[in-house]
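Visitor: Once you've had a glance at the structure underneath, I'll fire off some questions.
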Amino acid sequence: MKKQIPRSRFSNTPFIDGFTGIDNDNTEILIGNSEKQEYLLNEPDDNPKYMTLFCSIIPKSEFPKINVSTSYATSIDDDAAKSTMTYGIYSGQPIRMKGFVSELAFQSRGLLSSDTSSIKNEWIDFLKLNPNVYTKVFHTQTHDIQIENAVDNAFDDSDVLHVKTRGHFFAGSYYPGIKLSDIQQYFFYMGTGLQAENYINIISARDIISTNNVLPAQDVTLQTLSTLEDDVCDGKIRITFPDGAQDGVTYTSISITKTTIVSDIAQIILKKEDISHE
């Protein structure tokens, strides 16, 4: 006679009454070790991911009395006498100094959350005690220099020798109403013109990169050409806010806007740095 195998009988799903509310399709059951378990009891992060920092841009124009010079000849004759041109570049005579600065300081004026998260009062108090959040320093000349020059190939061959120096650091640009993209490093260069008259000119970082009119000096690197927008987008503005017993919460800059004409107020978007658990 064949032995019968006992069978279980369920009226609905094979769970006891305490588990009948489980969603069979969407339930996640953790079995074994999981990194998630280490942080199950942590409080959710209520800090905003993005914040808007309102800043005053405070320009500083402090330049020393500096003379720059270069020696040149006006003829291709090897025996031609040499002359020297000398300029006090920050005196305001050869180059008008209006709109040129040595640095820009960014001073906090307020903080606004970019989402529904609230900003802690201690963070607001922290900025009141530490209002200077960033300083953009431009490269300038700090001592007298003698500059070499070379033949300026922009002119046609003639009996007159035309020369031109490389571009050397001068100052930064800033004035009320300036576009953010125009806040950049400037350079000066010297040379002789069509009739061998001497001159001194300036050129922006953008033009020194995009044109071949002036070669940069040896100490000019790509990093020294960075504009204000470059610094902000590269996250050079970093603010670490106090956060109780922890090391603090750090925010870095990702963008900047300035639409005012008379006011020097700018808006900087800050993003919270991600902290990955090991």
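Each chain in the structure tokens gets a letter, A, B and so on, in the order shown; residues start at 1 in every chain, and ligands are counted from 1 in the order they appear.
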Stretch 44-266 of chain A: which residues are strand (DSSP E or B) by DSSP, as a PyMOL selection string?

Guide: chain A and resi 50-60+67-73+75+82-88+100-101+103-113+132-137+145-146+149-151+160+163-165+167-173+185-192+198-204+216+238-241+249-257+265-266

Visitor: Using only C-alpha atoms, I'd like a table of the residues in stretch 206-228 of chain A that come within 10 Å of stretch 135-140 of chain A; for each, show the closest atom pair and its distance in Å rounded to one decimal, ordered by chain and ascending number, as a Markdown table.

Guide:
```
| residue | atom | partner | partner_atom | distance |
| --- | --- | --- | --- | --- |
| A:Val220 | CA | A:His139 | CA | 9.7 |
| A:Thr224 | CA | A:His139 | CA | 7.7 |
| A:Leu225 | CA | A:Phe138 | CA | 9.4 |
| A:Ser226 | CA | A:Phe138 | CA | 9.5 |
| A:Thr227 | CA | A:Lys136 | CA | 9.1 |
| A:Leu228 | CA | A:Lys136 | CA | 7.1 |
```

Visitor: What's around A:Ser75 at 9 Å? Count only C-alpha atoms, leave out sequence neighbours fewer than 6 positions away in its own chain, and write the answer as a PDB file with C-alpha atoms, in the first residue's frame.

Guide:
```pdb
ATOM      1  CA  ALA A  81      73.408 102.309 -30.894  1.00  0.00           C
ATOM      2  CA  ASP A 159      65.706  98.930 -42.380  1.00  0.00           C
ATOM      3  CA  VAL A 160      63.896  99.741 -39.165  1.00  0.00           C
ATOM      4  CA  LEU A 161      64.177  97.119 -36.421  1.00  0.00           C
ATOM      5  CA  HIS A 162      60.932  96.396 -34.608  1.00  0.00           C
ATOM      6  CA  ALA A 196      60.527 102.772 -34.199  1.00  0.00           C
TER       7      ALA A 196
END
```

Visitor: May I have the residues within 12 Å of A:Ile209 as a list in words, using only C-alpha atoms and disregarding those fewer than 2 positions away in the same chain?

Guide: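 Returned residues: Gly167, Gln185, Tyr186, Phe187, Ile203, Ser204, Ala205, Arg206, Asp207, Thr211, Asn212, Asn213, Val214, Leu215, Pro216, Val220, Thr221, Leu222, Thr224, Leu225 and Ser226 of chain A.
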
Visitor: Report as a PDB file with N, CA and C atoms, in the first residue's frame all protein, DNA and RNA residues lying within 7 Å of A:His168, evaluated on only C-alpha atoms, omitting residues in the same chain fewer than 2 positions from it.

Guide:
```
ATOM      1  N   ARG A 166      57.867  89.926 -24.189  1.00  0.00           N
ATOM      2  CA  ARG A 166      56.807  88.998 -23.825  1.00  0.00           C
ATOM      3  C   ARG A 166      55.831  89.694 -22.866  1.00  0.00           C
ATOM      4  N   PHE A 170      50.742  92.118 -14.751  1.00  0.00           N
ATOM      5  CA  PHE A 170      50.452  93.523 -14.486  1.00  0.00           C
ATOM      6  C   PHE A 170      49.482  93.684 -13.309  1.00  0.00           C
ATOM      7  N   PHE A 187      48.272  91.628 -18.419  1.00  0.00           N
ATOM      8  CA  PHE A 187      49.718  91.616 -18.606  1.00  0.00           C
ATOM      9  C   PHE A 187      50.142  92.882 -19.358  1.00  0.00           C
ATOM     10  N   PHE A 188      51.380  93.264 -19.199  1.00  0.00           N
ATOM     11  CA  PHE A 188      51.910  94.385 -19.976  1.00  0.00           C
ATOM     12  C   PHE A 188      53.038  93.878 -20.870  1.00  0.00           C
ATOM     13  N   TYR A 189      53.256  94.586 -21.972  1.00  0.00           N
ATOM     14  CA  TYR A 189      54.381  94.280 -22.851  1.00  0.00           C
ATOM     15  C   TYR A 189      54.846  95.584 -23.493  1.00  0.00           C
ATOM     16  N   PRO A 216      53.526  84.744 -23.666  1.00  0.00           N
ATOM     17  CA  PRO A 216      53.632  84.950 -22.216  1.00  0.00           C
ATOM     18  C   PRO A 216      55.059  84.788 -21.731  1.00  0.00           C
ATOM     19  N   ALA A 217      55.381  85.467 -20.632  1.00  0.00           N
ATOM     20  CA  ALA A 217      56.705  85.330 -20.025  1.00  0.00           C
ATOM     21  C   ALA A 217      56.873  83.913 -19.469  1.00  0.00           C
TER      22      ALA A 217
END
```

Visitor: Compare A:Thr142, A:Ser210, A:Ser61, A:Ser83 by their minimum atom-to-atom distance to A:Met97, counting only C-alpha atoms, and give me the closest one.

Guide: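 Nearest to A:Met97: A:Ser61.
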